[in-house]
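S.K.: The structure is given below, and queries will be raised subsequently.
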Amino acid sequence: MVYRDLFLLSMPLLTCLSCPMVFPTDLEEDQITLIVFNSLINDTKNYITKIAHRGILLGAMRRLQKNHMLNFTVTEYPDYGPFLVSVNGLARNDTQKTYWEILDKLQNGTIIRPDVGVGCFIPNPNDTVILKFTTWKKKDVTTV
Ligand code: B12
Ligand SMILES: *[C@@H]1O[C@H](CO)[C@@H](O)[C@H](O)[C@H]1NC(C)=O
Ligand SMILES: *[C@@H]1O[C@H](CO)[C@@H](O)[C@H](O)[C@H]1NC(C)=O
Ligand SMILES: *[C@@H]1O[C@H](CO)[C@@H](O)[C@H](O)[C@H]1NC(C)=O
Ligand SMILES: *[C@@H]1O[C@H](CO)[C@@H](O)[C@H](O)[C@H]1NC(C)=O
Ligand SMILES: *[C@@H]1O[C@H](CO)[C@@H](O)[C@H](O)[C@H]1NC(C)=O
């Protein structure tokens with residue numbers, strides 16, 4: 001017990017001592033590809049955009065919006081932050097059970113479904129983020 005506790009106590013110290021100083025690279029900008037994909041009519045629009053190093057997806061989207069390339073709206077939820085409502089004039093519709101799903105294609109081709117929204121999701125450099133207009137099913141509502 002005593003040994004284990006001492007080990008746990010020393011963990012943070014060791015972590016700090018081995019922590020590299022990487023300030024200059026923190027100022028760099030990374031790049032991601034953003035795909036706006038309406039899966040209901042199979043329509044695709046591609047964007048390449050800068051994103052702050054370790055920046056949130058919403059930040060990259062705002063840059064595109066500022067340059068009048070992309071138009072989107074979000075609604076703020078108290079617990080989870082911004083929910084992506086519309087992209088380029090196409091909005092989610094609860095009656096039709098449609099929404100904009102956030103997907104992320106990693107550099108090795110694997111597509112993941114981030115478990116946070118646009119305000120929290122931090123893509124890796126060179127990832128392809130896919131905003132997919134699709135319908136939600138029972139599966140999403142029970143297991144998402
Ligand atoms: C149902 C549901 C959905 C449905 C909502 C449709 C509907 N009209 O019911 C759909 C399929 C659309 C959905 C989508 C997403 N969801 Co969802 N969803 C849920 C779920 C299972 C239940 C929510 C609920 O009905 N609560 C009960 C009602 C009474 O409370 P409410 O506050 O009114 O609920 C609303 C909000 O939760 C909101 N909502 C749902 N998901 C999300 C996600 C974000 C980021 C925000 C801001 C709001 C939001 O829609 C609900 C209905 O209006 C929860 C998990 C849970 N058990 O709570 C996950 C949950 C809220 N979703 C989550 C996520 C990650 C997403 C997505 C980002 C997934 C993705 N990669 O695309 C997307 C949102 C993308 C976008 N456009 O911004 C996470 C949020 C975690 C976080 N910290 O951000 C949760 C907690 C599940 C998880 N992974 O742990 N979701
Ligand atoms: C969707 O469009 C792509 C490219 O235009 C095409 O290759 C693909 O076959 C289409 N899929 C469907 C289901 O229509
Ligand atoms: C952006 O989309 C919203 C919602 O569809 C719309 O009300 C608004 O007029 C659009 N803005 C521009 C500049 O297109
Ligand atoms: C959502 O879809 C329903 C049914 O198709 C339609 O009557 C309604 O006008 C739509 N809502 C919005 C906000 O577009
Ligand atoms: C791709 O990378 C992710 C994360 O690094 C990993 O979980 C996944 O197994 C990899 N997939 C393939 C096909 O290599
Ligand atoms: C992203 O791509 C650029 C240009 O191809 C490359 O220089 C960089 O190393 C890549 N970054 C990562 C993390 O793969």
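Chain lettering (A, B, ...) mirrors the order of the structure tokens, residue numbering begins at 1 for each chain separately, and ligand numbering begins at 1 in order of display.
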Let me see if you get this right: every residue at most 12 Å from ligand 5, counting only C-alpha atoms and all ligand atoms, written as a list in words.

M.R.: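 After applying the 12 Å limit, what remains is Asp104, Lys105, Leu106, Gln107, Asn108, Gly109, Thr110, Ile111, Ile112, Asn124 and Asp127 of chain A.
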
S.K.: Can you write out the residues you just picked, keeping C-alpha atoms, as a PDB file, in the first residue's frame?

M.R.:
ATOM      1  CA  ASP A 104     -13.667  12.811 -39.109  1.00  0.00           C
ATOM      2  CA  LYS A 105     -11.515  10.908 -41.579  1.00  0.00           C
ATOM      3  CA  LEU A 106      -8.075  10.280 -40.109  1.00  0.00           C
ATOM      4  CA  GLN A 107      -4.932  10.307 -42.254  1.00  0.00           C
ATOM      5  CA  ASN A 108      -4.949   6.490 -42.389  1.00  0.00           C
ATOM      6  CA  GLY A 109      -8.457   6.511 -43.871  1.00  0.00           C
ATOM      7  CA  THR A 110     -10.377   5.508 -40.753  1.00  0.00           C
ATOM      8  CA  ILE A 111     -13.601   7.476 -40.327  1.00  0.00           C
ATOM      9  CA  ILE A 112     -14.598   8.246 -36.748  1.00  0.00           C
ATOM     10  CA  ASN A 124      -5.752  16.378 -36.121  1.00  0.00           C
ATOM     11  CA  ASP A 127      -7.673  15.261 -41.181  1.00  0.00           C
TER      12      ASP A 127
END

S.K.: Residues of range 81-123 of chain A that approach range 66-75 of chain A to 7 Å or less, counting only C-alpha atoms: could you list each one with the shortest pair of atoms and its distance in Å to one decimal, rows by chain and increasing residue number, as CSV?

M.R.:
residue,atom,partner,partner_atom,distance
A:Pro82,CA,A:Thr75,CA,5.4
A:Phe83,CA,A:Thr75,CA,5.1
A:Leu84,CA,A:Val74,CA,4.5
A:Val85,CA,A:Val74,CA,5.1
A:Ser86,CA,A:Thr73,CA,5.2
A:Val87,CA,A:Phe72,CA,4.2
A:Asn88,CA,A:Asn71,CA,4.7

S.K.: Please produce an output containing C-alpha atoms for each residue in the selection, written as a JSON list (two decimals), in the first residue's frame.

M.R.:
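Result file follows (result-v8.json):
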[["chain", "number", "residue", "atom", "x", "y", "z"],
["A", 82, "PRO", "CA", -22.95, 24.81, -29.99],
["A", 83, "PHE", "CA", -25.14, 22.47, -32.06],
["A", 84, "LEU", "CA", -24.68, 22.77, -35.82],
["A", 85, "VAL", "CA", -28.13, 23.60, -37.18],
["A", 86, "SER", "CA", -27.63, 24.69, -40.79],
["A", 87, "VAL", "CA", -24.88, 24.61, -43.39],
["A", 88, "ASN", "CA", -25.09, 26.59, -46.64]]

S.K.: Which residues are near ligand 1 - at most 9 Å, using only C-alpha atoms and all ligand atoms? Format: as a compact mmCIF listing (two decimals) with all heavy atoms, in the first residue's frame.

M.R.:
# COMPACT_ATOMS: atom_id res chain seq x y z
N VAL A 74 -25.38 27.93 -35.70
CA VAL A 74 -25.37 27.02 -34.56
C VAL A 74 -26.37 27.51 -33.52
O VAL A 74 -26.73 28.68 -33.49
CB VAL A 74 -23.97 26.91 -33.90
CG1 VAL A 74 -22.96 26.28 -34.84
CG2 VAL A 74 -23.48 28.26 -33.40
N THR A 75 -26.83 26.57 -32.71
CA THR A 75 -27.67 26.90 -31.56
C THR A 75 -26.92 26.47 -30.31
O THR A 75 -26.35 25.39 -30.27
CB THR A 75 -29.01 26.13 -31.62
OG1 THR A 75 -29.72 26.56 -32.77
CG2 THR A 75 -29.87 26.43 -30.40
N GLU A 76 -26.93 27.33 -29.33
CA GLU A 76 -26.21 27.05 -28.09
C GLU A 76 -27.06 26.21 -27.14
O GLU A 76 -28.20 26.56 -26.85
CB GLU A 76 -25.85 28.40 -27.44
CG GLU A 76 -24.76 28.34 -26.41
CD GLU A 76 -23.37 28.11 -26.98
OE1 GLU A 76 -23.13 28.37 -28.16
OE2 GLU A 76 -22.52 27.63 -26.20
N TYR A 77 -26.50 25.07 -26.73
CA TYR A 77 -27.15 24.25 -25.71
C TYR A 77 -26.40 24.44 -24.39
O TYR A 77 -25.16 24.44 -24.40
CB TYR A 77 -27.15 22.77 -26.11
CG TYR A 77 -28.24 22.40 -27.07
CD1 TYR A 77 -28.11 22.71 -28.43
CD2 TYR A 77 -29.40 21.76 -26.65
CE1 TYR A 77 -29.12 22.39 -29.32
CE2 TYR A 77 -30.41 21.43 -27.55
CZ TYR A 77 -30.26 21.75 -28.88
OH TYR A 77 -31.26 21.43 -29.77
N PRO A 78 -27.12 24.58 -23.29
CA PRO A 78 -26.44 24.89 -22.03
C PRO A 78 -25.39 23.85 -21.60
O PRO A 78 -24.38 24.22 -21.03
CB PRO A 78 -27.57 24.98 -21.00
CG PRO A 78 -28.78 24.40 -21.66
CD PRO A 78 -28.57 24.52 -23.12
N ASP A 79 -25.63 22.60 -21.88
CA ASP A 79 -24.71 21.56 -21.39
C ASP A 79 -23.63 21.15 -22.38
O ASP A 79 -22.55 20.73 -21.98
CB ASP A 79 -25.50 20.31 -20.98
CG ASP A 79 -26.41 20.58 -19.81
OD1 ASP A 79 -25.95 21.22 -18.85
OD2 ASP A 79 -27.59 20.18 -19.87
N TYR A 80 -23.93 21.23 -23.69
CA TYR A 80 -23.00 20.68 -24.68
C TYR A 80 -22.42 21.72 -25.63
O TYR A 80 -21.65 21.38 -26.51
CB TYR A 80 -23.68 19.57 -25.47
CG TYR A 80 -24.17 18.44 -24.60
CD1 TYR A 80 -25.54 18.12 -24.54
CD2 TYR A 80 -23.29 17.71 -23.82
CE1 TYR A 80 -25.99 17.09 -23.75
CE2 TYR A 80 -23.74 16.68 -23.01
CZ TYR A 80 -25.09 16.37 -22.98
OH TYR A 80 -25.54 15.36 -22.18
N GLY A 81 -22.82 22.98 -25.48
CA GLY A 81 -22.26 24.02 -26.34
C GLY A 81 -23.00 24.14 -27.66
O GLY A 81 -24.19 23.87 -27.75
N PRO A 82 -22.27 24.55 -28.73
CA PRO A 82 -22.95 24.81 -29.99
C PRO A 82 -23.36 23.54 -30.75
O PRO A 82 -22.58 22.61 -30.90
CB PRO A 82 -21.93 25.61 -30.79
CG PRO A 82 -20.63 25.45 -30.11
CD PRO A 82 -20.86 24.89 -28.74
N PHE A 83 -24.61 23.54 -31.21
CA PHE A 83 -25.14 22.47 -32.06
C PHE A 83 -25.23 23.03 -33.46
O PHE A 83 -25.82 24.10 -33.68
CB PHE A 83 -26.52 22.04 -31.55
CG PHE A 83 -27.13 20.88 -32.31
CD1 PHE A 83 -26.98 19.57 -31.86
CD2 PHE A 83 -27.86 21.09 -33.47
CE1 PHE A 83 -27.54 18.50 -32.55
CE2 PHE A 83 -28.42 20.03 -34.17
CZ PHE A 83 -28.27 18.73 -33.70
N LEU A 84 -24.67 22.32 -34.44
CA LEU A 84 -24.68 22.77 -35.82
C LEU A 84 -26.07 22.57 -36.42
O LEU A 84 -26.51 21.43 -36.59
CB LEU A 84 -23.62 21.98 -36.61
CG LEU A 84 -23.37 22.39 -38.06
CD1 LEU A 84 -22.88 23.83 -38.17
CD2 LEU A 84 -22.34 21.44 -38.67
N VAL A 85 -26.74 23.67 -36.72
CA VAL A 85 -28.13 23.60 -37.18
C VAL A 85 -28.22 23.61 -38.71
O VAL A 85 -28.87 22.76 -39.30
CB VAL A 85 -28.95 24.77 -36.59
CG1 VAL A 85 -30.33 24.86 -37.23
CG2 VAL A 85 -29.07 24.61 -35.09
N SER A 86 -27.55 24.60 -39.34
CA SER A 86 -27.63 24.69 -40.79
C SER A 86 -26.26 24.89 -41.41
O SER A 86 -25.37 25.47 -40.79
CB SER A 86 -28.57 25.84 -41.22
OG SER A 86 -27.89 27.08 -41.15
N ARG A 92 -31.22 21.37 -40.22
CA ARG A 92 -31.79 20.16 -39.63
C ARG A 92 -33.31 20.35 -39.48
O ARG A 92 -33.79 21.47 -39.31
CB ARG A 92 -31.14 19.89 -38.26
CG ARG A 92 -31.32 20.98 -37.20
CD ARG A 92 -32.47 20.88 -36.26
NE ARG A 92 -32.59 19.71 -35.45
CZ ARG A 92 -32.12 19.57 -34.21
NH1 ARG A 92 -31.40 20.54 -33.66
NH2 ARG A 92 -32.37 18.51 -33.53
N ASN A 93 -34.02 19.25 -39.55
CA ASN A 93 -35.46 19.33 -39.37
C ASN A 93 -35.91 18.14 -38.53
O ASN A 93 -35.79 16.99 -38.95
CB ASN A 93 -36.15 19.33 -40.75
CG ASN A 93 -37.65 19.50 -40.65
OD1 ASN A 93 -38.30 18.89 -39.79
ND2 ASN A 93 -38.21 20.34 -41.51
N ASP A 94 -36.41 18.43 -37.35
CA ASP A 94 -36.78 17.38 -36.40
C ASP A 94 -37.91 16.50 -36.92
O ASP A 94 -37.95 15.30 -36.64
CB ASP A 94 -37.18 18.01 -35.06
CG ASP A 94 -36.15 17.72 -33.99
OD1 ASP A 94 -35.05 17.23 -34.35
OD2 ASP A 94 -36.43 17.97 -32.81
N THR A 95 -38.84 17.10 -37.68
CA THR A 95 -39.95 16.32 -38.25
C THR A 95 -39.42 15.29 -39.24
O THR A 95 -39.85 14.14 -39.25
CB THR A 95 -40.95 17.26 -38.96
OG1 THR A 95 -41.20 18.38 -38.12
CG2 THR A 95 -42.25 16.55 -39.28
N LYS A 97 -36.42 14.26 -39.23
CA LYS A 97 -35.31 13.56 -38.56
C LYS A 97 -33.99 13.73 -39.31
O LYS A 97 -33.21 12.78 -39.43
CB LYS A 97 -35.64 12.07 -38.39
CG LYS A 97 -36.83 11.84 -37.48
CD LYS A 97 -36.92 10.39 -37.09
CE LYS A 97 -37.86 10.22 -35.93
NZ LYS A 97 -38.81 9.23 -35.91
N THR A 98 -33.77 14.93 -39.81
CA THR A 98 -32.50 15.20 -40.49
C THR A 98 -31.60 16.03 -39.59
O THR A 98 -32.08 16.82 -38.77
CB THR A 98 -32.71 15.94 -41.81
OG1 THR A 98 -33.49 17.12 -41.57
CG2 THR A 98 -33.40 15.07 -42.84
N TYR A 99 -30.28 15.86 -39.74
CA TYR A 99 -29.31 16.69 -39.01
C TYR A 99 -27.96 16.62 -39.69
O TYR A 99 -27.74 15.80 -40.58
CB TYR A 99 -29.20 16.22 -37.55
CG TYR A 99 -28.35 14.98 -37.33
CD1 TYR A 99 -27.13 15.04 -36.67
CD2 TYR A 99 -28.77 13.73 -37.79
CE1 TYR A 99 -26.35 13.91 -36.45
CE2 TYR A 99 -27.99 12.59 -37.58
CZ TYR A 99 -26.79 12.69 -36.91
OH TYR A 99 -26.03 11.56 -36.71
N TRP A 100 -27.07 17.51 -39.24
CA TRP A 100 -25.70 17.52 -39.75
C TRP A 100 -24.83 16.69 -38.81
O TRP A 100 -24.57 17.08 -37.68
CB TRP A 100 -25.17 18.96 -39.84
CG TRP A 100 -25.76 19.71 -40.99
CD1 TRP A 100 -26.80 20.59 -40.97
CD2 TRP A 100 -25.33 19.64 -42.36
NE1 TRP A 100 -27.05 21.07 -42.23
CE2 TRP A 100 -26.15 20.52 -43.12
CE3 TRP A 100 -24.33 18.94 -43.04
CZ2 TRP A 100 -26.01 20.69 -44.50
CZ3 TRP A 100 -24.18 19.12 -44.41
CH2 TRP A 100 -25.02 19.99 -45.13
N GLU A 101 -24.42 15.55 -39.30
CA GLU A 101 -23.55 14.67 -38.51
C GLU A 101 -22.10 15.09 -38.70
O GLU A 101 -21.70 15.46 -39.81
CB GLU A 101 -23.74 13.22 -38.98
CG GLU A 101 -22.95 12.20 -38.19
CD GLU A 101 -23.19 10.77 -38.68
OE1 GLU A 101 -23.50 10.56 -39.87
OE2 GLU A 101 -23.06 9.86 -37.84
N ILE A 102 -21.33 15.02 -37.64
CA ILE A 102 -19.91 15.37 -37.72
C ILE A 102 -19.09 14.08 -37.79
O ILE A 102 -19.17 13.25 -36.88
CB ILE A 102 -19.47 16.21 -36.50
CG1 ILE A 102 -20.35 17.45 -36.37
CG2 ILE A 102 -18.00 16.60 -36.62
CD1 ILE A 102 -20.29 18.08 -34.99
N LEU A 103 -18.33 13.95 -38.85
CA LEU A 103 -17.44 12.78 -39.00
C LEU A 103 -16.02 13.28 -39.23
O LEU A 103 -15.82 14.40 -39.69
CB LEU A 103 -17.90 11.92 -40.20
CG LEU A 103 -19.31 11.35 -40.11
CD1 LEU A 103 -19.72 10.72 -41.44
CD2 LEU A 103 -19.42 10.33 -38.99
N ASP A 104 -15.06 12.43 -38.92
CA ASP A 104 -13.67 12.81 -39.11
C ASP A 104 -12.89 11.66 -39.73
O ASP A 104 -12.83 10.56 -39.17
CB ASP A 104 -13.04 13.20 -37.76
CG ASP A 104 -11.62 13.69 -37.92
OD1 ASP A 104 -11.35 14.47 -38.85
OD2 ASP A 104 -10.76 13.30 -37.10
N ILE A 112 -14.04 8.31 -38.10
CA ILE A 112 -14.60 8.25 -36.75
C ILE A 112 -15.75 9.24 -36.61
O ILE A 112 -15.88 10.18 -37.41
CB ILE A 112 -13.54 8.53 -35.66
CG1 ILE A 112 -12.91 9.92 -35.86
CG2 ILE A 112 -12.47 7.45 -35.65
CD1 ILE A 112 -12.24 10.47 -34.63
N ARG A 113 -16.59 9.03 -35.62
CA ARG A 113 -17.69 9.94 -35.32
C ARG A 113 -17.37 10.57 -33.97
O ARG A 113 -17.51 9.91 -32.93
CB ARG A 113 -19.00 9.15 -35.25
CG ARG A 113 -20.26 10.00 -35.14
CD ARG A 113 -21.49 9.11 -35.24
NE ARG A 113 -22.73 9.85 -35.32
CZ ARG A 113 -23.46 10.19 -34.26
NH1 ARG A 113 -23.07 9.86 -33.05
NH2 ARG A 113 -24.60 10.85 -34.43
N PRO A 114 -16.87 11.80 -33.97
CA PRO A 114 -16.46 12.42 -32.71
C PRO A 114 -17.60 12.42 -31.69
O PRO A 114 -18.76 12.56 -32.07
CB PRO A 114 -16.10 13.85 -33.11
CG PRO A 114 -15.81 13.79 -34.57
CD PRO A 114 -16.68 12.71 -35.12
N ASP A 115 -17.25 12.26 -30.41
CA ASP A 115 -18.28 12.21 -29.38
C ASP A 115 -18.49 13.57 -28.72
O ASP A 115 -18.94 13.66 -27.59
CB ASP A 115 -17.99 11.11 -28.36
CG ASP A 115 -16.74 11.39 -27.54
OD1 ASP A 115 -16.07 12.41 -27.82
OD2 ASP A 115 -16.45 10.61 -26.63
N VAL A 116 -18.13 14.62 -29.44
CA VAL A 116 -18.40 16.00 -29.02
C VAL A 116 -18.80 16.83 -30.24
O VAL A 116 -18.58 16.40 -31.37
CB VAL A 116 -17.18 16.66 -28.34
CG1 VAL A 116 -16.88 16.02 -26.98
CG2 VAL A 116 -15.95 16.60 -29.23
N GLY A 117 -19.34 18.00 -30.00
CA GLY A 117 -19.80 18.86 -31.09
C GLY A 117 -18.71 19.76 -31.67
O GLY A 117 -17.54 19.65 -31.29
N VAL A 118 -19.10 20.67 -32.58
CA VAL A 118 -18.14 21.53 -33.29
C VAL A 118 -17.34 22.45 -32.37
O VAL A 118 -16.23 22.85 -32.70
CB VAL A 118 -18.82 22.41 -34.37
CG1 VAL A 118 -19.28 21.56 -35.56
CG2 VAL A 118 -19.99 23.20 -33.80
N GLY A 119 -17.91 22.77 -31.21
CA GLY A 119 -17.25 23.69 -30.29
C GLY A 119 -16.18 23.02 -29.45
O GLY A 119 -15.36 23.70 -28.82
N CYS A 120 -16.16 21.70 -29.43
CA CYS A 120 -15.20 20.95 -28.62
C CYS A 120 -14.27 20.09 -29.45
O CYS A 120 -13.19 19.73 -29.00
CB CYS A 120 -15.91 20.03 -27.62
SG CYS A 120 -16.84 20.89 -26.37
N PHE A 121 -14.68 19.77 -30.65
CA PHE A 121 -13.90 18.83 -31.46
C PHE A 121 -12.63 19.48 -32.00
O PHE A 121 -12.69 20.54 -32.62
CB PHE A 121 -14.75 18.26 -32.60
CG PHE A 121 -13.98 17.32 -33.47
CD1 PHE A 121 -13.27 16.26 -32.92
CD2 PHE A 121 -13.95 17.50 -34.84
CE1 PHE A 121 -12.54 15.40 -33.73
CE2 PHE A 121 -13.22 16.65 -35.66
CZ PHE A 121 -12.51 15.60 -35.09
N LEU A 131 -18.98 17.08 -42.80
CA LEU A 131 -20.27 17.49 -42.26
C LEU A 131 -21.30 16.82 -43.16
O LEU A 131 -21.45 17.17 -44.33
CB LEU A 131 -20.43 19.01 -42.29
CG LEU A 131 -19.34 19.79 -41.54
CD1 LEU A 131 -19.57 21.29 -41.66
CD2 LEU A 131 -19.27 19.37 -40.08
N LYS A 132 -21.97 15.81 -42.61
CA LYS A 132 -22.84 14.97 -43.42
C LYS A 132 -24.31 15.19 -43.07
O LYS A 132 -24.74 14.89 -41.96
CB LYS A 132 -22.46 13.50 -43.20
CG LYS A 132 -23.30 12.51 -43.98
CD LYS A 132 -22.86 11.09 -43.67
CE LYS A 132 -23.71 10.07 -44.40
NZ LYS A 132 -23.34 8.70 -44.04
N PHE A 133 -25.05 15.74 -44.03
CA PHE A 133 -26.49 15.91 -43.82
C PHE A 133 -27.15 14.56 -44.00
O PHE A 133 -27.07 13.95 -45.07
CB PHE A 133 -27.06 16.94 -44.80
CG PHE A 133 -28.45 17.38 -44.45
CD1 PHE A 133 -28.67 18.21 -43.36
CD2 PHE A 133 -29.54 16.97 -45.21
CE1 PHE A 133 -29.96 18.62 -43.02
CE2 PHE A 133 -30.83 17.37 -44.87
CZ PHE A 133 -31.03 18.20 -43.78
N THR A 135 -30.09 11.43 -42.02
CA THR A 135 -31.24 11.23 -41.13
C THR A 135 -30.79 10.46 -39.89
O THR A 135 -29.94 9.58 -39.99
CB THR A 135 -32.35 10.42 -41.83
OG1 THR A 135 -31.78 9.25 -42.41
CG2 THR A 135 -33.01 11.23 -42.92
N TRP A 136 -31.35 10.82 -38.74
CA TRP A 136 -31.00 10.06 -37.54
C TRP A 136 -32.02 8.95 -37.35
O TRP A 136 -33.18 9.06 -37.71
CB TRP A 136 -30.85 10.92 -36.30
CG TRP A 136 -31.89 11.94 -35.98
CD1 TRP A 136 -31.87 13.25 -36.36
CD2 TRP A 136 -33.06 11.78 -35.17
NE1 TRP A 136 -32.96 13.91 -35.86
CE2 TRP A 136 -33.71 13.03 -35.11
CE3 TRP A 136 -33.63 10.70 -34.49
CZ2 TRP A 136 -34.90 13.24 -34.41
CZ3 TRP A 136 -34.80 10.92 -33.78
CH2 TRP A 136 -35.42 12.17 -33.76
N LYS A 137 -31.47 7.86 -36.84
CA LYS A 137 -32.28 6.65 -36.64
C LYS A 137 -32.33 6.36 -35.15
O LYS A 137 -31.65 7.00 -34.37
CB LYS A 137 -31.65 5.48 -37.40
CG LYS A 137 -31.50 5.74 -38.89
CD LYS A 137 -30.42 4.85 -39.49
CE LYS A 137 -29.93 5.37 -40.83
NZ LYS A 137 -28.94 6.46 -40.71
N LYS A 138 -33.11 5.37 -34.82
CA LYS A 138 -33.25 4.98 -33.43
C LYS A 138 -31.88 4.70 -32.80
O LYS A 138 -31.59 5.09 -31.69
CB LYS A 138 -34.13 3.74 -33.29
CG LYS A 138 -34.71 3.58 -31.91
CD LYS A 138 -36.09 2.94 -31.95
CE LYS A 138 -36.86 3.14 -30.68
NZ LYS A 138 -36.61 2.34 -29.58
N LYS A 139 -31.02 4.06 -33.60
CA LYS A 139 -29.66 3.72 -33.18
C LYS A 139 -28.94 4.94 -32.59
O LYS A 139 -28.36 4.88 -31.52
CB LYS A 139 -28.91 3.19 -34.40
CG LYS A 139 -27.42 3.06 -34.25
CD LYS A 139 -26.79 2.50 -35.54
CE LYS A 139 -26.68 3.50 -36.68
NZ LYS A 139 -25.65 4.53 -36.47
N ASP A 140 -28.99 6.09 -33.34
CA ASP A 140 -28.29 7.29 -32.90
C ASP A 140 -28.87 7.83 -31.61
O ASP A 140 -28.15 8.32 -30.75
CB ASP A 140 -28.39 8.38 -33.98
CG ASP A 140 -27.79 7.93 -35.30
OD1 ASP A 140 -26.70 7.35 -35.27
OD2 ASP A 140 -28.42 8.16 -36.34
N VAL A 141 -30.18 7.76 -31.51
CA VAL A 141 -30.85 8.37 -30.37
C VAL A 141 -30.63 7.55 -29.09
O VAL A 141 -30.67 8.08 -28.00
CB VAL A 141 -32.36 8.54 -30.69
CG1 VAL A 141 -33.10 9.17 -29.53
CG2 VAL A 141 -32.53 9.41 -31.92
N THR A 142 -30.41 6.25 -29.24
CA THR A 142 -30.23 5.43 -28.04
C THR A 142 -28.77 5.22 -27.67
O THR A 142 -28.45 5.09 -26.50
CB THR A 142 -30.89 4.04 -28.22
OG1 THR A 142 -30.46 3.48 -29.45
CG2 THR A 142 -32.39 4.15 -28.19
N THR A 143 -27.90 5.22 -28.65
CA THR A 143 -26.49 4.91 -28.33
C THR A 143 -25.54 6.08 -28.51
O THR A 143 -24.40 6.00 -28.07
CB THR A 143 -25.96 3.75 -29.20
OG1 THR A 143 -25.98 4.15 -30.56
CG2 THR A 143 -26.80 2.50 -29.04
N VAL A 144 -25.95 7.15 -29.17
CA VAL A 144 -25.04 8.27 -29.41
C VAL A 144 -24.54 8.84 -28.08
O VAL A 144 -25.36 9.08 -27.22
CB VAL A 144 -25.73 9.40 -30.22
CG1 VAL A 144 -24.88 10.66 -30.23
CG2 VAL A 144 -26.00 8.96 -31.64

S.K.: With only C-alpha atoms and all ligand atoms as the basis for distance, which of A:Asn42, A:Ala91, A:Pro125, A:Ile48 is at the shortest distance from ligand 2?

M.R.: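 Ranking A:Asn42, A:Ala91, A:Pro125, A:Ile48 by distance to ligand 2, first place goes to A:Asn42.
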
S.K.: Please tabulate, as a tab-separated table, the residues of chain A that come within 10 Å of ligand 2, each with its closest pair of atoms and the distance in Å to one decimal, counting only C-alpha atoms and all ligand atoms and ordering rows by chain, then residue number upward.

M.R.:
residue	atom	partner	partner_atom_place_in_ligand_line	distance
A:Phe37	CA	ligand 2	1 (C)	9.9
A:Asn38	CA	ligand 2	1 (C)	10.0
A:Ser39	CA	ligand 2	1 (C)	8.4
A:Leu40	CA	ligand 2	13 (C)	9.3
A:Ile41	CA	ligand 2	14 (O)	7.8
A:Asn42	CA	ligand 2	1 (C)	4.9
A:Asp43	CA	ligand 2	2 (O)	6.9
A:Thr44	CA	ligand 2	2 (O)	7.8

S.K.: Report, in Å to a single decimal, how far apart CA of Gln31 in chain A and CA of Thr49 in chain A are.

M.R.: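 CA of Thr49 in chain A sits 5.7 Å away from CA of Gln31 in chain A.
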
S.K.: So the first atom is atom 6 (C, counted along the ligand's line) of ligand 6 and the second is CA of Glu29 in chain A; what is the distance between them in Å, to one decimal place?

M.R.: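 Separation between atom 6 (C, counted along the ligand's line) of ligand 6 and CA of Glu29 in chain A: 11.3 Å.
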
S.K.: Pick out each residue of range 41-132 of chain A that DSSP on the backbone tags as strand (DSSP E or B); I need them as a PyMOL selection string.

M.R.: chain A and resi 43-52+72-77+81-87+90-91+93+98-105+111-112+128-132

S.K.: Limited to C-alpha atoms, could you put the picked residues into a file as a CSV table (one decimal), in the first residue's frame?

M.R.:
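Just written: result11.csv:
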chain,number,residue,atom,x,y,z
A,43,ASP,CA,-24.0,16.6,-53.2
A,44,THR,CA,-20.4,17.3,-52.1
A,45,LYS,CA,-18.5,20.6,-51.6
A,46,ASN,CA,-14.8,20.6,-50.6
A,47,TYR,CA,-12.9,23.2,-48.7
A,48,ILE,CA,-9.3,23.4,-47.5
A,49,THR,CA,-8.8,25.6,-44.5
A,50,LYS,CA,-6.3,26.6,-41.9
A,51,ILE,CA,-7.0,25.7,-38.4
A,52,ALA,CA,-5.1,27.0,-35.3
A,72,PHE,CA,-23.6,28.0,-41.2
A,73,THR,CA,-25.6,28.5,-38.0
A,74,VAL,CA,-25.4,27.0,-34.6
A,75,THR,CA,-27.7,26.9,-31.6
A,76,GLU,CA,-26.2,27.1,-28.1
A,77,TYR,CA,-27.2,24.3,-25.7
A,81,GLY,CA,-22.3,24.0,-26.3
A,82,PRO,CA,-23.0,24.8,-30.0
A,83,PHE,CA,-25.1,22.5,-32.1
A,84,LEU,CA,-24.7,22.8,-35.8
A,85,VAL,CA,-28.1,23.6,-37.2
A,86,SER,CA,-27.6,24.7,-40.8
A,87,VAL,CA,-24.9,24.6,-43.4
A,90,LEU,CA,-29.7,23.6,-45.4
A,91,ALA,CA,-31.1,23.2,-41.8
A,93,ASN,CA,-35.5,19.3,-39.4
A,98,THR,CA,-32.5,15.2,-40.5
A,99,TYR,CA,-29.3,16.7,-39.0
A,100,TRP,CA,-25.7,17.5,-39.7
A,101,GLU,CA,-23.5,14.7,-38.5
A,102,ILE,CA,-19.9,15.4,-37.7
A,103,LEU,CA,-17.4,12.8,-39.0
A,104,ASP,CA,-13.7,12.8,-39.1
A,105,LYS,CA,-11.5,10.9,-41.6
A,111,ILE,CA,-13.6,7.5,-40.3
A,112,ILE,CA,-14.6,8.2,-36.7
A,128,THR,CA,-10.7,15.5,-43.4
A,129,VAL,CA,-13.8,16.6,-41.5
A,130,ILE,CA,-17.1,15.6,-43.0
A,131,LEU,CA,-20.3,17.5,-42.3
A,132,LYS,CA,-22.8,15.0,-43.4

S.K.: Between A:Gln65, A:Pro123, A:Thr33, A:Gly59, which has the minimum distance to ligand 3 (counting only C-alpha atoms and all ligand atoms)?

M.R.: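 Between A:Gln65, A:Pro123, A:Thr33, A:Gly59, the residue approaching ligand 3 most closely is A:Gln65.
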
S.K.: Expressed in Å to a single decimal, how great is the separation between CA of Arg63 in chain A and CA of Asp30 in chain A?

M.R.: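 Value for the CA of Arg63 in chain A-CA of Asp30 in chain A distance: 13.1 Å.
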